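Here is the structure we will look at.
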Amino acid sequence: MSKKNLFMLIFLFLIIVILILVKVTEVPMNDKIISYLEKNNYVLKSEKLYFKQISQLNLANYNYSKSKKINSTYEFNNFSLADYQLTKSINEYQDEVENILDLIYDYTNSSLIYTYRISYQNSNNIYKGSYDETNNNFICQKEFSYGMNNTNLETTICEKIKYQVLKFNYEATTFFTNPELVSYMKKQKIE
């Protein structure tokens, strides 16, 4: 065997060893996502679900304040590693009216959907919709109504929802500062 062939063989062997070492020491993407969530004060709530309370009140204190008819807010975020979705829930109680807004941003397809419920005494309205950032298309549709038939308020309610939806869309699209993580989640579309 010539010296040239020996050097080539040693060179190829070193490249293979280096590639194996890189692969073995590479941190899986989900671990990078978990590390990022933990650095941003998310805690593991259940398997593959991370939680962060945003408001000062927790759920128990919010429910207590509501029972005493004290204006209050309870807000939290969840991030699911099972489906790569960031969710936000905003519960507001003010002047005997409760509003619950649930927002979901899906990183696999960059979609945002929401459900909004407004309750006053024995009446309820539920709105559902979506926001498509690419086309700047906001959809707000009343899905259910019981005891509230004031159509004059629908525009006001949809504008309030739109404000929160745009705010959450910005939060979700800027949350992960590492584009590699976002790119990885986009490739994880659940069929």
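Residues in the structure tokens are named by chain (A, B, ... in the order shown) and by number from 1 within that chain; ligands are numbered from 1 in the order shown.
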Each residue of segment 112-161 of chain A lying at most 12 Å from segment 72-87 of chain A should get a row with its shortest atom-to-atom pair and the distance in Å to one decimal, counting only C-alpha atoms; could you produce that, ordered by chain and increasing number, as a tab-separated table?
```
residue	atom	partner	partner_atom	distance
A:Leu112	CA	A:Thr87	CA	9.5
A:Ile113	CA	A:Thr87	CA	9.7
A:Tyr114	CA	A:Thr87	CA	9.4
A:Thr115	CA	A:Thr87	CA	11.3
```
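With only C-alpha atoms taken into account, the protein and nucleic acid residues at most 12 Å from Glu180 of chain A (excluding it and anything under 3 positions from it in its own chain) are Pro28, Met29, Asn30, Lys32, Ile33, Phe176, Thr177, Ser183, Tyr184, Met185, Lys186 and Lys187 of chain A.
One distance worth recording is that between atom CA of Asn122 of chain A and atom CA of Val165 of chain A, which is 26.6 Å.
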Mind listing the alpha helix (DSSP H) residues of segment 2-191 of chain A, per DSSP on the backbone, as a PyMOL selection string?
chain A and resi 3-25+29-39+59-67+154-175+179-186
Any idea what's packed within 7 Å of Lys142 of chain A, counting only C-alpha atoms, ignoring anything in its chain fewer than 5 positions away? Could you give it as a PyMOL selection string?
chain A and resi 126-128
